[in-house]
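As provided, structure.txt (compact mmCIF, C-alpha atoms) reads as follows.
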```
# COMPACT_ATOMS: atom_id res chain seq x y z
CA MET A 29 1.30 -18.57 -41.34
CA SER A 30 1.17 -21.88 -43.19
CA ARG A 31 2.29 -25.02 -41.38
CA TRP A 32 5.33 -25.63 -43.58
CA LEU A 33 6.66 -22.09 -43.06
CA ARG A 34 6.74 -22.30 -39.25
CA PRO A 35 9.76 -24.66 -39.03
CA LEU A 36 11.65 -22.56 -41.56
CA VAL A 37 11.03 -19.31 -39.68
CA GLY A 38 12.00 -21.01 -36.41
CA ALA A 39 15.24 -22.25 -37.93
CA LEU A 40 16.04 -18.78 -39.26
CA LEU A 41 15.46 -17.25 -35.81
CA LEU A 42 17.80 -19.80 -34.24
CA LEU A 43 20.42 -19.02 -36.85
CA GLU A 44 20.03 -15.31 -36.14
CA VAL A 45 20.56 -15.83 -32.40
CA ALA A 46 23.50 -18.15 -33.02
CA ALA A 47 25.13 -15.61 -35.33
CA ALA A 48 24.60 -12.85 -32.79
CA LEU A 49 26.18 -14.91 -30.02
CA SER A 50 29.06 -16.31 -32.04
CA PHE A 51 32.46 -15.48 -30.63
CA LEU A 52 34.50 -14.19 -33.54
CA HIS A 53 36.92 -11.39 -34.23
CA HIS A 54 35.25 -8.59 -36.18
CA ARG A 55 37.03 -6.60 -38.86
CA TYR A 56 35.77 -3.05 -39.39
CA GLU A 57 32.94 -3.87 -41.81
CA GLU A 58 31.86 -6.81 -39.65
CA MET A 59 31.90 -4.62 -36.55
CA VAL A 60 29.69 -2.04 -38.26
CA GLN A 61 27.29 -4.77 -39.36
CA ALA A 62 27.13 -6.12 -35.81
CA LEU A 63 26.27 -2.68 -34.43
CA PHE A 64 23.55 -2.08 -36.98
CA ARG A 65 22.16 -5.56 -36.39
CA VAL A 66 21.71 -4.71 -32.71
CA GLN A 67 20.09 -1.42 -33.64
CA SER A 68 17.65 -3.18 -35.97
CA GLN A 69 16.78 -5.72 -33.27
CA CYS A 70 16.16 -3.07 -30.60
CA PRO A 71 15.16 0.03 -32.61
CA TYR A 72 13.21 1.73 -29.84
CA VAL A 73 15.99 1.76 -27.25
CA THR A 74 19.12 2.17 -29.42
CA ARG A 75 20.73 4.70 -31.71
CA ILE A 76 23.95 4.61 -33.72
CA TYR A 77 25.95 7.77 -34.28
CA SER A 78 29.48 8.65 -35.35
CA ILE A 79 31.66 11.08 -33.40
CA GLY A 80 34.09 11.52 -36.30
CA ARG A 81 36.51 9.61 -38.51
CA SER A 82 39.90 8.01 -38.11
CA VAL A 83 43.00 9.05 -40.05
CA GLU A 84 42.03 6.61 -42.82
CA GLY A 85 38.42 7.71 -42.84
CA ARG A 86 36.73 4.98 -40.80
CA HIS A 87 33.81 6.11 -38.66
CA LEU A 88 34.16 6.12 -34.89
CA TYR A 89 30.74 4.64 -34.20
CA VAL A 90 28.89 4.73 -30.90
CA LEU A 91 25.87 2.61 -30.02
CA GLU A 92 23.54 4.28 -27.53
CA PHE A 93 21.04 2.52 -25.26
CA SER A 94 18.24 4.59 -23.75
CA ASP A 95 14.46 4.55 -23.46
CA TYR A 96 14.63 7.86 -25.36
CA PRO A 97 17.60 7.45 -27.73
CA GLY A 98 19.21 10.71 -28.76
CA ILE A 99 17.68 12.69 -25.89
CA HIS A 100 19.18 13.64 -22.54
CA GLU A 101 16.53 13.24 -19.86
CA PRO A 102 17.04 15.41 -16.77
CA LEU A 103 18.42 13.42 -13.82
CA GLU A 104 19.32 10.46 -16.06
CA PRO A 105 23.12 9.98 -15.97
CA GLU A 106 25.29 9.48 -19.05
CA PHE A 107 27.70 6.53 -19.09
CA LYS A 108 30.30 5.45 -21.67
CA TYR A 109 32.53 2.50 -22.55
CA VAL A 110 35.44 2.96 -24.99
CA GLY A 111 37.28 -0.02 -26.44
CA ASN A 112 40.22 -0.74 -28.75
CA MET A 113 42.06 2.54 -28.08
CA HIS A 114 45.20 0.59 -28.85
CA GLY A 115 44.49 -1.17 -32.11
CA ASN A 116 46.12 -4.47 -31.16
CA GLU A 117 44.34 -4.73 -27.80
CA VAL A 118 41.20 -6.30 -29.14
CA LEU A 119 39.37 -8.07 -26.33
CA GLY A 120 37.57 -4.90 -25.23
CA ARG A 121 36.29 -4.40 -28.78
CA GLU A 122 34.75 -7.88 -28.85
CA LEU A 123 33.40 -7.63 -25.29
CA LEU A 124 31.60 -4.38 -26.10
CA LEU A 125 30.01 -5.94 -29.17
CA GLN A 126 28.87 -8.86 -27.03
CA LEU A 127 27.63 -6.47 -24.34
CA SER A 128 25.59 -4.59 -26.94
CA GLU A 129 23.97 -7.80 -28.13
CA PHE A 130 23.41 -8.95 -24.54
CA LEU A 131 21.68 -5.71 -23.49
CA CYS A 132 19.42 -5.85 -26.53
CA GLU A 133 18.50 -9.53 -26.11
CA GLU A 134 17.84 -9.24 -22.38
CA TYR A 135 15.73 -6.13 -22.91
CA ARG A 136 13.65 -7.97 -25.48
CA ARG A 137 13.19 -10.84 -23.04
CA GLY A 138 11.94 -8.51 -20.33
CA ASN A 139 14.89 -8.91 -17.96
CA GLU A 140 13.91 -6.49 -15.16
CA ARG A 141 17.47 -5.59 -14.23
CA ILE A 142 18.50 -4.74 -17.79
CA THR A 143 15.22 -2.98 -18.55
CA ARG A 144 15.63 -0.78 -15.48
CA LEU A 145 19.25 -0.07 -16.38
CA ILE A 146 18.35 1.06 -19.91
CA HIS A 147 15.39 3.11 -18.71
CA ASP A 148 17.38 4.86 -15.98
CA THR A 149 20.73 5.32 -17.76
CA ARG A 150 21.89 6.68 -21.09
CA ILE A 151 24.61 4.21 -22.12
CA HIS A 152 27.12 4.98 -24.89
CA ILE A 153 29.28 2.14 -26.25
CA MET A 154 32.22 2.77 -28.60
CA PRO A 155 33.75 -0.61 -29.54
CA SER A 156 36.73 0.87 -31.37
CA MET A 157 38.48 4.20 -30.94
CA ASN A 158 41.33 3.06 -33.21
CA PRO A 159 39.83 1.11 -36.15
CA ASP A 160 42.88 1.81 -38.35
CA GLY A 161 45.29 0.26 -35.88
CA TYR A 162 43.01 -2.74 -35.46
CA GLU A 163 43.10 -3.49 -39.19
CA VAL A 164 46.90 -3.53 -39.08
CA ALA A 165 46.90 -5.92 -36.12
CA ALA A 166 44.15 -8.11 -37.60
CA LYS A 167 46.12 -8.72 -40.79
CA GLN A 168 48.65 -10.64 -38.72
CA GLY A 169 45.99 -12.21 -36.51
CA PRO A 170 46.31 -13.69 -33.01
CA ASP A 171 49.09 -16.17 -33.77
CA SER A 172 51.76 -13.92 -35.27
CA ASN A 173 50.72 -10.51 -33.96
CA GLY A 174 53.66 -8.45 -32.75
CA TYR A 175 53.47 -6.86 -29.31
CA LEU A 176 53.24 -3.35 -30.80
CA THR A 177 51.87 -4.13 -34.26
CA GLY A 178 48.75 -2.01 -34.74
CA ARG A 179 48.99 -0.37 -31.33
CA ASN A 180 49.14 3.18 -32.71
CA ASN A 181 46.86 4.95 -35.16
CA ALA A 182 47.62 5.31 -38.88
CA ASN A 183 49.95 8.24 -38.15
CA GLY A 184 51.99 6.10 -35.75
CA VAL A 185 50.71 7.93 -32.65
CA ASP A 186 49.78 6.27 -29.36
CA LEU A 187 46.31 7.69 -28.70
CA ASN A 188 46.68 7.16 -24.96
CA ARG A 189 49.64 9.56 -24.96
CA ASN A 190 47.91 12.16 -27.14
CA PHE A 191 45.52 14.11 -24.93
CA PRO A 192 46.40 17.61 -23.66
CA ASP A 193 48.62 17.38 -20.59
CA LEU A 194 46.38 18.88 -17.92
CA ASN A 195 48.24 17.11 -15.11
CA THR A 196 51.31 19.30 -15.55
CA PHE A 197 49.14 22.40 -15.48
CA MET A 198 47.49 21.16 -12.29
CA TYR A 199 50.77 20.29 -10.58
CA TYR A 200 52.75 23.37 -11.55
CA SER A 201 50.40 26.25 -12.33
CA GLY A 202 50.63 27.54 -8.78
CA GLU A 203 53.18 27.69 -6.01
CA ILE A 204 51.91 24.37 -4.72
CA SER A 205 49.25 23.14 -7.12
CA GLY A 206 46.62 24.47 -9.47
CA PRO A 207 42.96 23.59 -9.93
CA ASN A 208 42.09 19.94 -10.47
CA HIS A 209 38.73 20.27 -12.17
CA HIS A 210 37.53 21.77 -15.46
CA ILE A 211 41.01 22.91 -16.41
CA PRO A 212 40.87 24.91 -19.67
CA LEU A 213 42.62 23.55 -22.73
CA PRO A 214 45.69 25.28 -24.17
CA ASP A 215 45.00 27.57 -27.12
CA ASN A 216 46.81 25.38 -29.64
CA TRP A 217 45.48 22.02 -28.45
CA LYS A 218 43.74 21.08 -31.71
CA SER A 219 47.00 21.19 -33.64
CA GLN A 220 48.61 18.78 -31.17
CA VAL A 221 46.12 15.90 -31.24
CA GLU A 222 45.17 13.19 -33.73
CA PRO A 223 41.78 13.04 -35.48
CA GLU A 224 40.62 10.24 -33.19
CA THR A 225 41.66 12.18 -30.07
CA LEU A 226 40.02 15.35 -31.36
CA ALA A 227 36.79 13.47 -31.98
CA VAL A 228 36.76 12.03 -28.46
CA ILE A 229 37.49 15.41 -26.84
CA GLN A 230 34.63 17.01 -28.77
CA TRP A 231 32.42 14.06 -27.84
CA ILE A 232 33.04 14.26 -24.11
CA SER A 233 32.60 18.04 -24.27
CA SER A 234 29.13 17.56 -25.79
CA TYR A 235 27.76 15.03 -23.29
CA ASN A 236 27.74 15.38 -19.52
CA PHE A 237 29.26 11.96 -18.87
CA VAL A 238 29.33 10.86 -15.24
CA LEU A 239 31.18 7.53 -15.31
CA SER A 240 33.33 5.76 -17.89
CA ALA A 241 35.80 2.98 -18.51
CA ASN A 242 38.23 2.42 -21.36
CA LEU A 243 39.14 -1.17 -22.15
CA HIS A 244 42.72 -2.29 -22.79
CA GLY A 245 44.78 -5.49 -22.81
CA GLY A 246 48.21 -6.79 -21.86
CA ALA A 247 47.47 -7.17 -18.14
CA VAL A 248 44.52 -7.98 -15.89
CA VAL A 249 43.85 -5.13 -13.47
CA ALA A 250 41.47 -2.20 -12.89
CA ASN A 251 43.54 0.98 -13.03
CA TYR A 252 42.37 4.34 -11.64
CA PRO A 253 43.72 7.95 -11.67
CA TYR A 254 46.02 9.64 -11.47
CA ASP A 255 48.06 7.99 -14.19
CA LYS A 256 50.73 10.68 -14.13
CA SER A 257 53.01 11.17 -11.15
CA GLN A 258 53.50 14.64 -9.73
CA ASP A 259 57.19 14.04 -9.11
CA GLN A 260 58.68 14.95 -12.48
CA ARG A 261 62.26 14.51 -11.33
CA PHE A 262 61.88 10.89 -12.32
CA ARG A 263 61.49 10.67 -16.07
CA SER A 264 61.42 6.90 -16.37
CA HIS A 265 57.92 5.70 -17.25
CA ARG A 266 58.49 2.77 -14.89
CA ARG A 267 58.93 4.98 -11.83
CA THR A 268 56.21 4.06 -9.32
CA VAL A 269 54.85 6.86 -7.15
CA ASN A 270 51.32 6.55 -5.78
CA THR A 271 49.46 9.67 -6.95
CA PRO A 272 45.89 9.74 -5.65
CA THR A 273 43.10 12.08 -6.68
CA PRO A 274 40.89 13.84 -4.13
CA ASP A 275 38.38 11.05 -4.93
CA ASP A 276 40.87 8.26 -4.28
CA LYS A 277 38.61 6.16 -2.02
CA LEU A 278 35.76 6.44 -4.50
CA PHE A 279 38.01 5.41 -7.38
CA GLN A 280 39.25 2.42 -5.40
CA LYS A 281 35.66 1.37 -4.82
CA LEU A 282 34.81 1.72 -8.52
CA ALA A 283 37.85 -0.34 -9.50
CA LYS A 284 37.04 -3.03 -6.92
CA THR A 285 33.47 -3.19 -8.17
CA TYR A 286 34.75 -4.35 -11.54
CA SER A 287 37.57 -6.47 -10.18
CA TYR A 288 35.42 -8.50 -7.79
CA ALA A 289 32.66 -9.01 -10.34
CA HIS A 290 35.24 -10.31 -12.81
CA GLY A 291 36.03 -14.00 -13.00
CA TRP A 292 39.59 -13.75 -11.70
CA MET A 293 40.85 -10.14 -11.73
CA HIS A 294 40.35 -9.76 -7.97
CA ARG A 295 42.72 -12.65 -7.20
CA GLY A 296 45.66 -10.33 -7.84
CA TRP A 297 48.07 -12.74 -9.53
CA ASN A 298 47.69 -12.37 -13.31
CA CYS A 299 50.10 -12.23 -16.24
CA GLY A 300 53.09 -12.54 -13.91
CA ASP A 301 52.09 -9.42 -11.94
CA TYR A 302 50.44 -9.01 -8.57
CA PHE A 303 47.93 -6.26 -7.78
CA ALA A 304 46.15 -6.43 -4.42
CA ASP A 305 42.39 -6.81 -5.01
CA GLY A 306 43.14 -6.64 -8.75
CA ILE A 307 43.33 -2.84 -8.73
CA THR A 308 46.07 -0.20 -8.92
CA ASN A 309 46.62 3.52 -8.90
CA GLY A 310 47.97 4.36 -12.36
CA ALA A 311 51.09 6.23 -11.28
CA SER A 312 51.76 3.60 -8.63
CA TRP A 313 52.06 1.10 -11.50
CA TYR A 314 53.99 3.47 -13.77
CA SER A 315 53.65 7.14 -14.70
CA LEU A 316 51.80 7.86 -17.92
CA SER A 317 51.52 11.32 -19.47
CA LYS A 318 48.68 12.67 -21.66
CA GLY A 319 46.37 9.74 -21.00
CA MET A 320 42.62 9.71 -21.60
CA GLN A 321 41.74 8.62 -18.05
CA ASP A 322 43.27 11.64 -16.29
CA PHE A 323 41.98 13.95 -19.02
CA ASN A 324 38.38 12.93 -18.32
CA TYR A 325 38.76 13.70 -14.62
CA LEU A 326 40.59 17.01 -15.07
CA TYR A 327 38.57 18.43 -17.96
CA THR A 328 35.02 17.11 -17.51
CA ASN A 329 32.63 15.80 -14.86
CA CYS A 330 33.45 12.22 -15.84
CA PHE A 331 35.14 9.69 -13.56
CA GLU A 332 36.98 7.19 -15.76
CA ILE A 333 39.01 4.08 -14.99
CA THR A 334 41.12 1.89 -17.30
CA LEU A 335 40.38 -1.82 -17.48
CA GLU A 336 43.21 -4.13 -18.48
CA LEU A 337 41.37 -7.32 -19.40
CA SER A 338 43.70 -9.97 -20.81
CA CYS A 339 47.31 -11.08 -20.72
CA ASN A 340 47.10 -11.77 -24.45
CA LYS A 341 46.39 -8.56 -26.31
CA PHE A 342 44.91 -10.44 -29.29
CA PRO A 343 43.39 -13.61 -27.78
CA PRO A 344 42.39 -16.44 -30.11
CA GLU A 345 38.73 -16.85 -30.99
CA GLU A 346 38.41 -20.01 -28.92
CA ASP A 347 39.13 -17.93 -25.80
CA LEU A 348 36.51 -15.23 -26.47
CA GLU A 349 33.56 -17.04 -24.92
CA ARG A 350 35.47 -17.71 -21.70
CA GLN A 351 36.49 -14.07 -21.55
CA TRP A 352 32.91 -12.94 -22.11
CA MET A 353 31.65 -15.09 -19.25
CA ALA A 354 34.38 -13.66 -17.00
CA ASN A 355 33.50 -10.05 -17.85
CA ARG A 356 29.74 -10.06 -18.44
CA GLU A 357 28.60 -9.38 -14.88
CA ALA A 358 31.45 -6.91 -14.30
CA LEU A 359 30.50 -4.89 -17.38
CA VAL A 360 26.90 -4.61 -16.21
CA VAL A 361 27.57 -3.94 -12.53
CA PHE A 362 30.07 -1.19 -13.39
CA ILE A 363 27.39 0.64 -15.38
CA GLU A 364 25.14 0.41 -12.33
CA GLU A 365 27.79 2.28 -10.32
CA VAL A 366 26.73 5.48 -12.10
CA HIS A 367 23.68 5.42 -9.79
CA GLN A 368 25.36 6.33 -6.52
CA GLY A 369 26.11 9.53 -4.63
CA ILE A 370 23.85 12.54 -5.13
CA LYS A 371 22.05 14.12 -8.04
CA GLY A 372 19.56 16.91 -8.49
CA MET A 373 18.55 20.10 -10.25
CA VAL A 374 20.07 23.54 -9.85
CA SER A 375 17.46 26.13 -10.75
CA ASP A 376 16.64 29.79 -10.25
CA GLU A 377 13.64 31.20 -8.43
CA ASN A 378 11.49 30.67 -11.54
CA ASN A 379 12.49 26.98 -11.72
CA ASN A 380 14.67 27.53 -14.78
CA GLY A 381 17.68 25.21 -14.85
CA ILE A 382 21.07 26.84 -14.33
CA ALA A 383 23.79 25.39 -16.53
CA GLY A 384 27.39 25.37 -15.35
CA ALA A 385 26.58 25.72 -11.67
CA VAL A 386 29.48 24.53 -9.51
CA ILE A 387 28.81 21.68 -7.07
CA SER A 388 31.38 21.55 -4.26
CA VAL A 389 31.64 18.89 -1.56
CA GLN A 390 33.29 19.92 1.68
CA GLY A 391 36.48 17.94 2.25
CA ILE A 392 36.85 16.83 -1.39
CA SER A 393 38.72 19.38 -3.47
CA HIS A 394 37.25 18.39 -6.81
CA ASP A 395 34.14 20.15 -8.13
CA ILE A 396 31.69 19.17 -10.83
CA THR A 397 29.23 21.34 -12.77
CA SER A 398 25.59 21.11 -13.75
CA GLY A 399 24.65 20.25 -17.33
CA ASP A 400 22.78 22.29 -19.91
CA MET A 401 19.41 21.57 -18.27
CA GLY A 402 20.66 22.36 -14.78
CA ASP A 403 20.90 18.75 -13.60
CA TYR A 404 24.04 17.49 -11.90
CA PHE A 405 25.47 14.14 -10.78
CA ARG A 406 28.12 13.77 -8.09
CA LEU A 407 29.47 10.28 -7.39
CA LEU A 408 30.10 9.79 -3.68
CA LEU A 409 30.63 6.95 -1.23
CA PRO A 410 28.02 6.38 1.50
CA GLY A 411 28.28 9.00 4.23
CA THR A 412 27.15 12.46 5.28
CA TYR A 413 28.31 15.43 3.21
CA THR A 414 28.06 19.20 3.15
CA VAL A 415 27.38 20.28 -0.42
CA THR A 416 27.35 23.77 -1.92
CA ALA A 417 25.91 24.94 -5.25
CA SER A 418 27.09 28.25 -6.68
CA ALA A 419 26.69 30.07 -9.96
CA GLU A 420 27.65 33.44 -11.33
CA GLY A 421 25.05 36.04 -10.46
CA TYR A 422 23.40 33.96 -7.73
CA GLN A 423 23.73 33.50 -4.00
CA HIS A 424 25.26 30.16 -3.15
CA GLN A 425 23.33 27.54 -1.22
CA THR A 426 24.70 24.90 1.15
CA VAL A 427 22.97 21.75 2.41
CA THR A 428 23.93 18.68 4.41
CA THR A 429 22.83 15.32 3.05
CA THR A 430 23.36 11.64 3.74
CA VAL A 431 24.27 9.21 0.97
CA GLY A 432 23.18 5.60 1.27
CA PRO A 433 24.64 2.47 -0.34
CA ALA A 434 21.88 2.05 -2.92
CA ALA A 435 20.12 4.68 -5.02
CA PRO A 436 21.53 8.22 -5.23
CA SER A 437 20.16 10.87 -2.89
CA LEU A 438 18.13 13.63 -4.53
CA VAL A 439 19.46 17.06 -3.55
CA HIS A 440 17.96 20.02 -5.39
CA PHE A 441 19.18 23.61 -5.21
CA GLN A 442 17.17 26.75 -5.92
CA LEU A 443 19.48 29.75 -6.09
CA LYS A 444 18.39 33.33 -5.52
CA GLN A 445 19.75 36.10 -7.67
CA ASP A 446 22.57 38.07 -6.09
CA VAL A 447 21.24 41.62 -5.79
CA VAL A 448 23.69 44.51 -6.06
CA ARG A 449 23.05 47.20 -3.47
CA LYS A 450 23.26 50.79 -4.65
CA PRO A 451 25.73 53.10 -2.94
CA PRO A 452 24.22 55.47 -0.33
CA GLU A 453 23.02 58.81 -1.66
CA ARG A 454 24.71 62.06 -0.60
CA LYS A 455 23.21 63.78 2.43
CA ALA A 456 21.10 66.85 1.89
CA SER A 457 23.64 69.01 3.70
CA GLY A 458 26.08 68.32 0.91
CA THR A 459 28.50 66.37 3.05
CA ARG A 460 29.80 63.10 1.56
CA THR A 461 29.82 59.73 3.20
CA ASN A 462 32.95 57.63 3.29
CA SER A 463 31.00 54.52 2.34
CA LYS A 464 32.04 52.82 -0.88
CA ALA A 465 29.66 51.15 -3.27
CA LEU A 466 29.45 47.50 -2.50
CA GLN A 467 30.78 45.35 -5.29
CA LYS A 468 28.76 42.51 -6.69
CA LYS A 469 29.94 39.22 -5.29
CA VAL A 470 30.51 36.74 -8.07
CA VAL A 471 31.31 33.09 -7.70
CA PRO A 472 33.60 32.14 -10.57
CA ARG A 473 32.00 29.70 -12.98
CA ALA A 474 34.10 26.71 -13.87
CA THR A 475 35.15 26.47 -17.48
CA ARG A 476 33.11 23.79 -19.27
CA ARG A 477 34.43 22.23 -20.95
CA GLY A 478 51.04 -4.47 -23.23
CA THR A 479 51.08 -3.73 -20.01
CA GLN A 480 51.30 -0.25 -21.37
CA ARG A 481 47.99 1.51 -21.02
```
Represent the structure contained in this file as structure tokens.
Amino acid sequence: MSRWLRPLVGALLLLEVAAALSFLHHRYEEMVQALFRVQSQCPYVTRIYSIGRSVEGRHLYVLEFSDYPGIHEPLEPEFKYVGNMHGNEVLGRELLLQLSEFLCEEYRRGNERITRLIHDTRIHIMPSMNPDGYEVAAKQGPDSNGYLTGRNNANGVDLNRNFPDLNTFMYYSGEISGPNHHIPLPDNWKSQVEPETLAVIQWISSYNFVLSANLHGGAVVANYPYDKSQDQRFRSHRRTVNTPTPDDKLFQKLAKTYSYAHGWMHRGWNCGDYFADGITNGASWYSLSKGMQDFNYLYTNCFEITLELSCNKFPPEEDLERQWMANREALVVFIEEVHQGIKGMVSDENNNGIAGAVISVQGISHDITSGDMGDYFRLLLPGTYTVTASAEGYQHQTVTTTVGPAAPSLVHFQLKQDVVRKPPERKASGTRTNSKALQKKVVPRATRRGTQR
């Protein structure tokens, strides 16, 4: 390279870095350009794909980070972030764009922590689930934006009140309660949801996500399931009734992980509200029906929390850098939480993976299932657990394992086929036995698939 070109190239590189790290609000086209810029800078560890389109035809883009983009590697967990579900709650959108750039830049620099995270995790980042609503809010901008302007999608629907109501089925399908995992969808569910909701449901049905967070604004708190209260006698959405899941202690730990890594969320006093440790059970705050958070837990293997990140739903640009610095470590450390508990392969006697095998943990009445390749991931707190794997047509297997505070414990299962015994033959004398043919024992296979949140 000639001597006079070197300063010019250096200046252009500095401009590129400055543009990437600038703290600006991104309209739809600018957001798309930012995503593709990251993909061009880190082509070997990123992929961009669309899960569908909004009402007005805008793509719902996802940026994936992985050492093998587009491929699920056995025993590598899937993680997702979803931002801008409410169009006028924009901080999450900008934070996820900054996170994408940060992961790419740090990977290129050889940051060991980020390199290990990308190599060991398949990370999916959707900056905007509601691009139509964002455009409505952005036209008014931060200064004159109404509290609800742009919140809903182009059809005027709140997307966080638009998922199938699996909570009601769980609470009332039986005398006391119904199943609380892999609940099947109602037959007419597609006709009841918006295009954006449909796209997300199909997305989370196609990937075996393990951990997730959706990013909102209007408060500063980490919110965890259940969002919907079981006590339906109280119809007011402001009724507060703590409604824990069977994984309540785990969810509290996940929420605290984000809260305490955040600049000030853990202090509790924010936006005129107080939440101890900066976390709250959703229904304890107020009951919310048909939300995305509960849907993930009740329909898939995914544990999702909701992050409320700013008092101002549409913060001014001069506040974006401060917000990024407050959330950067929290965004990274929460992804790392996907690597806890147990994971392993469920296979048959020929080492073929068994998809849809049910993983049950004694004392926690919430099961998960193995993925298409037979690998499974079960988030658990440190401790000793009795775990059972079962699948239709196989004998179940139970093991006891200890989970530590760091890396997940590897627990593999190899299931033997369940052999059906033939009924006894008649005796030669012609007399009949009273024995009945033994019936094949089958373990049922689980069906696979603002302060206002």
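Interatomic distance, atom CA of A:Asn139 against atom CA of A:Gly111: 25.5 Å.
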For this session: For A:Ala358, work out the shell of residues within 8 Å, counting only C-alpha atoms and skipping chain neighbours fewer than 3 positions away, then give it as a list in words.
Result: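 Close residues of A:Ala358: Thr285, Tyr286, Ser287, Tyr288, Ala289, His290, Ala354, Asn355, Val361 and Phe362 of chain A.
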File of the preceding selection, C-alpha atoms, as a PDB file, in the coordinates of the input:
```
ATOM      1  CA  THR A 285      33.470  -3.190  -8.170  1.00  0.00           C
ATOM      2  CA  TYR A 286      34.750  -4.350 -11.540  1.00  0.00           C
ATOM      3  CA  SER A 287      37.570  -6.470 -10.180  1.00  0.00           C
ATOM      4  CA  TYR A 288      35.420  -8.500  -7.790  1.00  0.00           C
ATOM      5  CA  ALA A 289      32.660  -9.010 -10.340  1.00  0.00           C
ATOM      6  CA  HIS A 290      35.240 -10.310 -12.810  1.00  0.00           C
ATOM      7  CA  ALA A 354      34.380 -13.660 -17.000  1.00  0.00           C
ATOM      8  CA  ASN A 355      33.500 -10.050 -17.850  1.00  0.00           C
ATOM      9  CA  VAL A 361      27.570  -3.940 -12.530  1.00  0.00           C
ATOM     10  CA  PHE A 362      30.070  -1.190 -13.390  1.00  0.00           C
TER      11      PHE A 362
END
```
For this session: Rank nothing, just name the residue among A:Ala247, A:Gly291, A:Pro170, A:Lys108 nearest to A:Asn324, using all atoms listed in the file.
Result: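 Counting all atoms listed in the file, the residue closest to A:Asn324 is A:Lys108.
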Using the file's own x, y and z axes, so that the box edges lie along x, y and z, what centre and edge lengths in Å (one decimal) does a box around every listed atom of stretch 88-91 of chain A get when 5 Å is added on each side? Give it as JSON.
```
{"center_x": 30.0, "center_y": 4.4, "center_z": -32.5, "size_x": 18.3, "size_y": 13.5, "size_z": 14.9}
```
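With only C-alpha atoms taken into account, the protein and nucleic acid residues at most 9 Å from A:Phe331 (excluding it and anything under 4 positions from it in its own chain) are Phe237, Val238, Leu239, Ser240, Ala241, Pro253, Phe279, Gln321, Asp322, Asn324, Tyr325 and Leu407 of chain A.
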For this session: In Å, rounded to a single decimal, give me how far atom CA of A:Gln351 is from atom CA of A:Tyr72.
Result: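 Rounded to one decimal, the two atoms are 29.3 Å apart.
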Problem set entry | Selected residue, from A:Met157, A:Ile392, A:Ala419, A:Ala385, that lies nearest to A:Asn242 when counting only C-alpha atoms | A:Met157
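Atom CA of A:Met198 sits 28.9 Å away from atom CA of A:Met154.
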Exercise. Restricting the calculation to only C-alpha atoms, which member of A:Glu92, A:Glu364, A:Tyr413, A:His294 is positioned closest to A:Ile142?
Worked result: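 Among A:Glu92, A:Glu364, A:Tyr413, A:His294, it is A:Glu364 that comes nearest to A:Ile142.
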For this session: Would you please work out which residue, of A:Val66, A:Val269, A:Val221, A:Leu409, is nearest to A:Leu316 when using only C-alpha atoms?
Result: A:Val269
Exercise. So, counting only C-alpha atoms, which residue among A:Ile363, A:Leu443, A:Val164, A:Val90 is closest to A:Leu176?
Worked result: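 Closest residue, counting only C-alpha atoms: A:Val164.
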For this session: Mind checking which residues fall within 10 Å of A:Gly369, counting all atoms listed in the file, ignoring those fewer than 4 positions away in the same chain, and posting them as a list in words?
Result: Glu365, Phe405, Arg406, Leu407, Leu408, Leu409, Pro410, Gly411, Thr430, Val431, Gly432, Pro433, Ala434, Ala435, Pro436, Ser437 and Leu438 of chain A
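Residue nearest A:Tyr404, chosen from A:Tyr422, A:Glu336, A:Thr428, A:Asn329 and counting all atoms listed in the file: A:Asn329.
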For this session: Excluding A:Gly169 and any residue of its chain fewer than 3 positions from it, enumerate the residues within 12 Å of it, using all atoms listed in the file, and give them as a list in words.
Result: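 Neighbouring residues, sequence-local ones excluded: His53, His54, Arg55, Gly115, Asn116, Glu117, Val118, Tyr162, Glu163, Val164, Ala165, Ala166, Ser172, Asn173, Gly174, Tyr175, Thr177, Gly178, Lys341, Phe342, Pro343, Pro344 and Glu345 of chain A.
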Protein and nucleic acid residues near (48.8, 8.9, -28.5) (cut-off 9 Å, all atoms listed in the file) as an mmCIF file with C-alpha atoms, in the frame of the given file:
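Below is the file that was written, out_35.cif:
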```
data_model
loop_
_atom_site.group_PDB
_atom_site.id
_atom_site.type_symbol
_atom_site.label_atom_id
_atom_site.label_comp_id
_atom_site.auth_asym_id
_atom_site.auth_seq_id
_atom_site.Cartn_x
_atom_site.Cartn_y
_atom_site.Cartn_z
ATOM 1 C CA ASN A 180 49.140 3.180 -32.710
ATOM 2 C CA ASN A 181 46.860 4.950 -35.160
ATOM 3 C CA GLY A 184 51.990 6.100 -35.750
ATOM 4 C CA VAL A 185 50.710 7.930 -32.650
ATOM 5 C CA ASP A 186 49.780 6.270 -29.360
ATOM 6 C CA LEU A 187 46.310 7.690 -28.700
ATOM 7 C CA ASN A 188 46.680 7.160 -24.960
ATOM 8 C CA ARG A 189 49.640 9.560 -24.960
ATOM 9 C CA ASN A 190 47.910 12.160 -27.140
ATOM 10 C CA PHE A 191 45.520 14.110 -24.930
ATOM 11 C CA VAL A 221 46.120 15.900 -31.240
ATOM 12 C CA GLU A 222 45.170 13.190 -33.730
ATOM 13 C CA THR A 225 41.660 12.180 -30.070
ATOM 14 C CA LYS A 318 48.680 12.670 -21.660
ATOM 15 C CA GLY A 319 46.370 9.740 -21.000
#
```
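Using only C-alpha atoms, the residues found no farther than 12 Å from A:Gly381, other than those of its own chain fewer than 3 positions away, are Pro102, Leu103, Gly372, Met373, Val374, Ser375, Asp376, Glu377, Asn378, Gly384, Ala385, Ser398, Gly399, Asp400, Met401, Gly402, Asp403, Tyr404, Ala419, His440, Phe441, Gln442 and Leu443 of chain A.
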